[in-house]
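Participant: Next up, work-v8.txt (compact mmCIF, C-alpha atoms).
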# COMPACT_ATOMS: atom_id res chain seq x y z
CA MET G 179 4.36 -8.05 24.27
CA MET G 180 0.95 -6.98 22.96
CA THR G 181 2.54 -4.02 21.23
CA LEU G 182 5.11 -6.27 19.53
CA ASN G 183 2.38 -8.67 18.39
CA ASN G 184 0.31 -5.77 17.05
CA LYS G 185 3.29 -4.48 15.11
CA LYS G 186 3.89 -7.94 13.61
CA HIS G 187 0.20 -8.17 12.69
CA ASP G 188 0.31 -4.73 11.02
CA LEU G 189 3.45 -5.66 9.09
CA SER G 190 1.81 -8.91 7.96
CA ASN G 191 -1.29 -7.06 6.76
CA ARG G 192 0.86 -4.50 5.00
CA ASP G 193 2.83 -7.27 3.30
CA VAL G 194 -0.39 -8.93 2.02
CA PHE G 195 -1.72 -5.56 0.84
CA GLY G 196 1.58 -4.85 -0.91
CA LYS G 197 1.48 -8.21 -2.71
CA LEU G 198 -2.09 -7.49 -3.84
CA LEU G 199 -1.05 -4.08 -5.20
CA ALA G 200 1.95 -5.69 -6.91
CA LEU G 201 -0.49 -7.98 -8.74
CA PHE G 202 -2.58 -4.98 -9.78
CA SER G 203 0.56 -3.29 -11.10
CA LEU G 204 0.78 -6.09 -13.71
CA THR G 205 -2.50 -4.87 -15.27
CA PRO G 206 -0.73 -3.04 -18.16
CA PHE G 207 0.90 -6.31 -19.23
CA VAL G 208 -2.49 -8.07 -19.13
CA ILE G 209 -3.98 -5.30 -21.30
CA LEU G 210 -1.12 -5.56 -23.78
CA SER G 211 -1.66 -9.32 -24.03
CA GLY G 212 -5.34 -8.64 -24.66
CA PHE G 213 -4.47 -6.23 -27.46
CA VAL G 214 -2.26 -8.79 -29.17
CA SER G 215 -4.99 -11.44 -28.93
CA LEU G 216 -7.68 -9.06 -30.28
CA ILE G 217 -5.50 -7.96 -33.20
CA LEU G 218 -4.62 -11.54 -34.13
CA PHE G 219 -8.19 -12.85 -33.98
CA ARG G 220 -10.34 -9.82 -34.92
CA ARG G 221 -8.05 -7.91 -37.34
CA ASP G 222 -10.12 -4.73 -36.75
CA LEU G 223 -8.58 -1.41 -37.84
CA HIS G 224 -9.93 0.46 -34.83
CA THR G 225 -8.29 -2.00 -32.43
CA ILE G 226 -5.03 -1.76 -34.38
CA THR G 227 -5.02 2.06 -34.31
CA PHE G 228 -5.92 1.99 -30.60
CA PHE G 229 -2.87 -0.23 -30.01
CA ILE G 230 -0.68 2.13 -32.06
CA GLY G 231 -1.81 4.89 -29.70
CA VAL G 232 -0.73 2.77 -26.73
CA LEU G 233 2.74 2.38 -28.27
CA LEU G 234 2.98 6.12 -29.02
CA ASN G 235 1.98 6.84 -25.43
CA GLU G 236 4.84 4.64 -24.19
CA ILE G 237 7.29 6.40 -26.53
CA CYS G 238 6.14 9.78 -25.18
CA ASN G 239 6.65 8.52 -21.62
CA THR G 240 10.22 7.39 -22.37
CA VAL G 241 11.03 10.74 -24.02
CA LEU G 242 9.55 12.70 -21.09
CA LYS G 243 11.52 10.64 -18.57
CA HIS G 244 14.80 11.38 -20.31
CA ILE G 245 13.95 15.06 -20.66
CA LEU G 246 12.83 15.59 -17.05
CA ARG G 247 15.36 13.16 -15.51
CA GLU G 248 13.68 13.06 -12.11
CA PRO G 249 14.86 10.08 -10.01
CA ARG G 250 12.60 7.53 -8.36
CA PRO G 251 11.94 7.85 -4.61
CA LEU G 252 13.74 4.59 -3.81
CA ALA G 253 16.97 3.52 -5.48
CA ARG G 254 17.18 -0.18 -6.30
CA ASN G 255 20.24 -2.31 -6.98
CA THR G 256 18.86 -3.68 -10.26
CA ASN G 257 17.07 -1.63 -12.88
CA LEU G 258 16.59 -4.29 -15.53
CA LEU G 259 12.84 -3.62 -15.81
CA TYR G 260 12.69 0.00 -14.67
CA SER G 261 14.67 3.03 -15.75
CA GLU G 262 16.32 5.21 -13.13
CA TYR G 263 13.95 8.05 -13.97
CA GLY G 264 10.46 8.23 -12.47
CA MET G 265 8.83 11.34 -13.94
CA PRO G 266 6.21 10.66 -15.20
CA SER G 267 5.10 7.21 -14.01
CA SER G 268 4.77 4.88 -17.01
CA HIS G 269 2.21 2.66 -15.26
CA SER G 270 0.06 5.66 -14.36
CA GLN G 271 0.35 7.17 -17.84
CA PHE G 272 -0.49 3.83 -19.49
CA MET G 273 -3.54 3.15 -17.32
CA TRP G 274 -5.00 6.65 -17.62
CA PHE G 275 -4.43 6.67 -21.38
CA PHE G 276 -6.35 3.39 -21.56
CA ALA G 277 -9.08 4.49 -19.11
CA SER G 278 -9.69 7.85 -20.82
CA TYR G 279 -9.77 6.26 -24.27
CA MET G 280 -12.21 3.56 -23.11
CA LEU G 281 -14.39 6.26 -21.51
CA TYR G 282 -14.68 8.10 -24.83
CA PHE G 283 -15.12 4.85 -26.74
CA THR G 284 -17.92 3.69 -24.44
CA PHE G 285 -19.98 6.88 -24.41
CA ILE G 286 -19.23 8.21 -27.92
CA ARG G 287 -18.45 5.21 -30.12
CA LEU G 288 -20.91 2.64 -28.74
CA GLN G 289 -24.46 3.58 -29.73
CA TYR G 290 -27.28 1.20 -28.94
CA ALA G 291 -30.17 0.68 -31.32
CA ASN G 292 -32.37 -1.50 -29.08
CA ASN G 293 -34.98 -0.34 -26.58
CA LYS G 294 -33.11 -1.34 -23.42
CA ALA G 295 -31.67 2.14 -22.94
CA PHE G 296 -31.41 2.15 -19.14
CA LYS G 297 -29.83 -1.32 -18.98
CA GLU G 298 -27.27 -0.45 -21.63
CA PHE G 299 -26.47 2.90 -19.96
CA PHE G 300 -25.95 1.03 -16.68
CA TRP G 301 -23.38 -1.29 -18.31
CA LYS G 302 -21.68 1.69 -19.92
CA VAL G 303 -21.30 3.40 -16.56
CA ALA G 304 -20.18 0.15 -14.89
CA GLY G 305 -17.53 -0.46 -17.56
CA ALA G 306 -16.21 3.11 -17.44
CA ALA G 307 -16.18 3.11 -13.61
CA SER G 308 -14.25 -0.20 -13.60
CA CYS G 309 -11.57 1.24 -15.92
CA ILE G 310 -11.21 4.35 -13.74
CA ALA G 311 -11.12 2.30 -10.52
CA ILE G 312 -8.40 -0.03 -11.84
CA ALA G 313 -6.40 2.98 -13.08
CA CYS G 314 -6.61 4.50 -9.58
CA ILE G 315 -5.50 1.25 -7.91
CA VAL G 316 -2.55 0.75 -10.28
CA SER G 317 -1.50 4.37 -9.83
CA TYR G 318 -1.63 4.09 -6.04
CA SER G 319 0.32 0.81 -6.16
CA ARG G 320 3.29 2.64 -7.67
CA ILE G 321 3.37 4.99 -4.67
CA PHE G 322 2.81 2.29 -2.05
CA LEU G 323 5.55 0.11 -3.55
CA GLN G 324 7.86 3.17 -3.64
CA TYR G 325 8.47 3.14 -7.36
CA HIS G 326 7.13 6.68 -7.75
CA THR G 327 6.19 9.79 -5.80
CA TRP G 328 2.69 11.30 -5.75
CA LYS G 329 3.83 13.99 -8.16
CA GLN G 330 5.23 11.47 -10.66
CA VAL G 331 1.99 9.46 -10.60
CA ILE G 332 -0.26 12.52 -10.93
CA TYR G 333 1.74 13.88 -13.87
CA GLY G 334 1.68 10.42 -15.46
CA ALA G 335 -2.12 10.40 -15.14
CA LEU G 336 -2.40 13.89 -16.65
CA PHE G 337 -0.17 13.01 -19.62
CA GLY G 338 -2.09 9.76 -20.13
CA ILE G 339 -5.47 11.54 -20.16
CA ILE G 340 -4.21 14.23 -22.54
CA ILE G 341 -2.63 11.77 -24.98
CA GLY G 342 -5.66 9.46 -24.77
CA THR G 343 -8.00 12.36 -25.57
CA VAL G 344 -5.87 13.56 -28.47
CA TRP G 345 -5.46 10.06 -29.92
CA PHE G 346 -9.18 9.27 -29.71
CA THR G 347 -9.90 12.55 -31.53
CA ILE G 348 -7.31 11.77 -34.23
CA ILE G 349 -8.75 8.28 -34.82
CA ASN G 350 -12.38 9.41 -35.01
CA VAL G 351 -11.88 12.68 -36.91
CA VAL G 352 -8.79 12.08 -39.08
CA LEU G 353 -8.16 8.33 -39.52
CA THR G 354 -11.64 6.75 -39.52
CA PRO G 355 -12.72 8.34 -42.88
CA TYR G 356 -9.75 6.55 -44.52
CA PHE G 357 -10.59 3.10 -43.08
CA PRO G 358 -12.80 2.04 -46.06
CA THR G 359 -9.93 2.91 -48.42
CA VAL G 360 -7.42 0.95 -46.34
CA ILE G 361 -9.74 -2.06 -46.26
CA SER G 362 -9.91 -2.07 -50.08
CA TRP G 363 -6.12 -2.50 -50.41
CA LYS G 364 -4.79 -5.90 -51.48
CA ILE G 365 -2.53 -6.11 -48.44
CA SER G 366 -5.59 -5.62 -46.20
CA GLU G 367 -7.29 -8.55 -47.90
CA LEU G 368 -4.12 -10.59 -47.44
CA PHE G 369 -4.12 -9.97 -43.67
CA LEU G 370 -7.95 -10.18 -43.43
CA LEU G 371 -8.27 -6.69 -41.99
CA ARG G 372 -11.76 -5.34 -41.43
CA ASP G 373 -13.52 -2.09 -40.53
CA THR G 374 -16.38 -2.07 -38.00
CA THR G 375 -16.65 1.69 -37.47
CA LEU G 376 -19.95 1.94 -39.37
CA ILE G 377 -21.57 -0.55 -36.98
CA PRO G 378 -23.15 1.49 -34.13
CA ASN G 379 -22.64 -1.16 -31.45
CA VAL G 380 -19.91 -3.64 -32.31
CA LEU G 381 -20.42 -5.74 -29.18
CA TRP G 382 -24.16 -6.16 -29.77
CA PHE G 383 -23.61 -6.83 -33.49
CA GLU G 384 -21.07 -9.60 -32.87
CA TYR G 385 -23.16 -11.08 -30.06
CA THR G 386 -26.33 -11.31 -32.18
CA ASN G 387 -24.43 -12.61 -35.24
CA ILE G 388 -22.66 -15.35 -33.28
CA ARG G 389 -25.89 -16.28 -31.52
CA HIS G 390 -27.73 -16.45 -34.84
CA GLU G 391 -24.96 -18.52 -36.45
CA ALA G 392 -24.83 -20.91 -33.48
CA GLY G 393 -28.61 -21.36 -33.65
CA ALA G 394 -28.52 -22.00 -37.41
CA ARG G 395 -25.80 -24.63 -37.02
CA ALA G 396 -27.70 -26.33 -34.20
CA ARG G 397 -30.81 -26.52 -36.39
CA ARG G 398 -28.80 -27.97 -39.29
CA ARG G 399 -27.33 -30.66 -37.03
CA LYS G 400 -30.81 -31.59 -35.79
CA SER G 401 -32.07 -31.74 -39.37
CA ILE G 402 -29.20 -33.99 -40.48
CA SER G 403 -29.65 -36.21 -37.41
CA ALA G 404 -33.41 -36.53 -38.10
CA LYS G 405 -32.80 -37.51 -41.74
CA SER G 406 -30.22 -40.14 -40.84
CA GLN G 407 -32.61 -41.94 -38.50
Represent the supplied structure as structure tokens.

Facilitator:
Amino acid sequence: MMTLNNKKHDLSNRDVFGKLLALFSLTPFVILSGFVSLILFRRDLHTITFFIGVLLNEICNTVLKHILREPRPLARNTNLLYSEYGMPSSHSQFMWFFASYMLYFTFIRLQYANNKAFKEFFWKVAGAASCIAIACIVSYSRIFLQYHTWKQVIYGALFGIIIGTVWFTIINVVLTPYFPTVISWKISELFLLRDTTLIPNVLWFEYTNIRHEAGARARRRKSISAKSQ
């Protein structure tokens, strides 16, 4: 009886763990939604080219799957969301493309001009470690949920890292010098596109600007209120 209860308890724990991993496997869709929101509200060329890289990575994954034609470990009755091929894992490739790109972006693109070097380095490491940790969890979820084998996930990670590295290099070496020219086009003005690549730390720049603007507006409101009394 104890053995049966223990088995039921283990199955229950495994079911909860599986549901948690299934939620983590939705991370790529959350990231894609974030990209769409950032592009709509920020209109930054770097974000747009980053997103183009994400789409190219997905195209490469689809091409590789149809070239290699390796089946998934578990056949399912419906394949409306997933193709019958599993090599390489699209979730793994997506997450490691994103994680590797963010790693380069954090340590190469973001340069801090203030004197809080240790604090800023700590947040850089924390951000990069978070991206890598989430990529590991999502990759493992595909194995646990039997959508992919270890080999399919590992190859997906390798392809994602390679494509992420190549795309980051292309953006920073080849495309970035043309951003000022693109911004000067009439169509760029029409869509309110902007280029922030010359700003060493975009996050700090936007934070200080918004804080300064909010403070200025608060002072103006106080001044108007004082005059009306």

Participant: I'd like the neighbourhood of G:Cys314 as a compact mmCIF listing (two decimals) with C-alpha atoms, in the coordinates of the input, where a residue qualifies if any of its atoms comes within 12 Å (using only C-alpha atoms), though same-chain residues fewer than 4 positions away should be ignored.

Facilitator:
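Final output, out_1.txt:
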# COMPACT_ATOMS: atom_id res chain seq x y z
CA LEU G 199 -1.05 -4.08 -5.20
CA PHE G 202 -2.58 -4.98 -9.78
CA SER G 203 0.56 -3.29 -11.10
CA THR G 205 -2.50 -4.87 -15.27
CA HIS G 269 2.21 2.66 -15.26
CA SER G 270 0.06 5.66 -14.36
CA GLN G 271 0.35 7.17 -17.84
CA PHE G 272 -0.49 3.83 -19.49
CA MET G 273 -3.54 3.15 -17.32
CA TRP G 274 -5.00 6.65 -17.62
CA ALA G 277 -9.08 4.49 -19.11
CA ALA G 307 -16.18 3.11 -13.61
CA SER G 308 -14.25 -0.20 -13.60
CA CYS G 309 -11.57 1.24 -15.92
CA ILE G 310 -11.21 4.35 -13.74
CA TYR G 318 -1.63 4.09 -6.04
CA SER G 319 0.32 0.81 -6.16
CA ARG G 320 3.29 2.64 -7.67
CA ILE G 321 3.37 4.99 -4.67
CA VAL G 331 1.99 9.46 -10.60
CA ILE G 332 -0.26 12.52 -10.93
CA GLY G 334 1.68 10.42 -15.46
CA ALA G 335 -2.12 10.40 -15.14

Participant: Work out how far atom CA of G:Phe276 is from atom CA of G:Leu201, in Å to one decimal.

Facilitator: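 Pair atom CA of G:Leu201 / atom CA of G:Phe276 returns 18.1 Å.
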
Participant: Quote the spacing between atom CA of G:Pro251 and atom CA of G:Leu336 in Å to one decimal place.

Facilitator: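 Computing the Euclidean distance for atom CA of G:Pro251 and atom CA of G:Leu336 yields 19.7 Å.
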
Participant: Calculate how many Å separate atom CA of G:Leu216 from atom CA of G:Ser366, rounding to one decimal.

Facilitator: 16.4 Å

Participant: Step by step, gather every atom of stretch 309-316 of chain G that the file lists, find the box along x, y and z that holds them, add 6 Å on each side, and finally give centre and edge lengths in Å to one decimal, as AutoDock Vina command-line options.

Facilitator:
--center_x -7.1 --center_y 2.2 --center_z -11.9 --size_x 21.0 --size_y 16.5 --size_z 20.0

Participant: Residues near G:Val344, anyone? I mean within 12 Å using only C-alpha atoms, not counting same-chain ones fewer than 2 positions away, as a PyMOL selection string.

Facilitator: chain G and resi 228+231+234-235+275+278-279+282+337-342+346-352

Participant: So which residues touch G:Ser362 within 12 Å, counting all atoms listed in the file, skipping near sequence neighbours fewer than 6 positions away, as an MDAnalysis selection string?

Facilitator: chainID G and resid 356 368:373
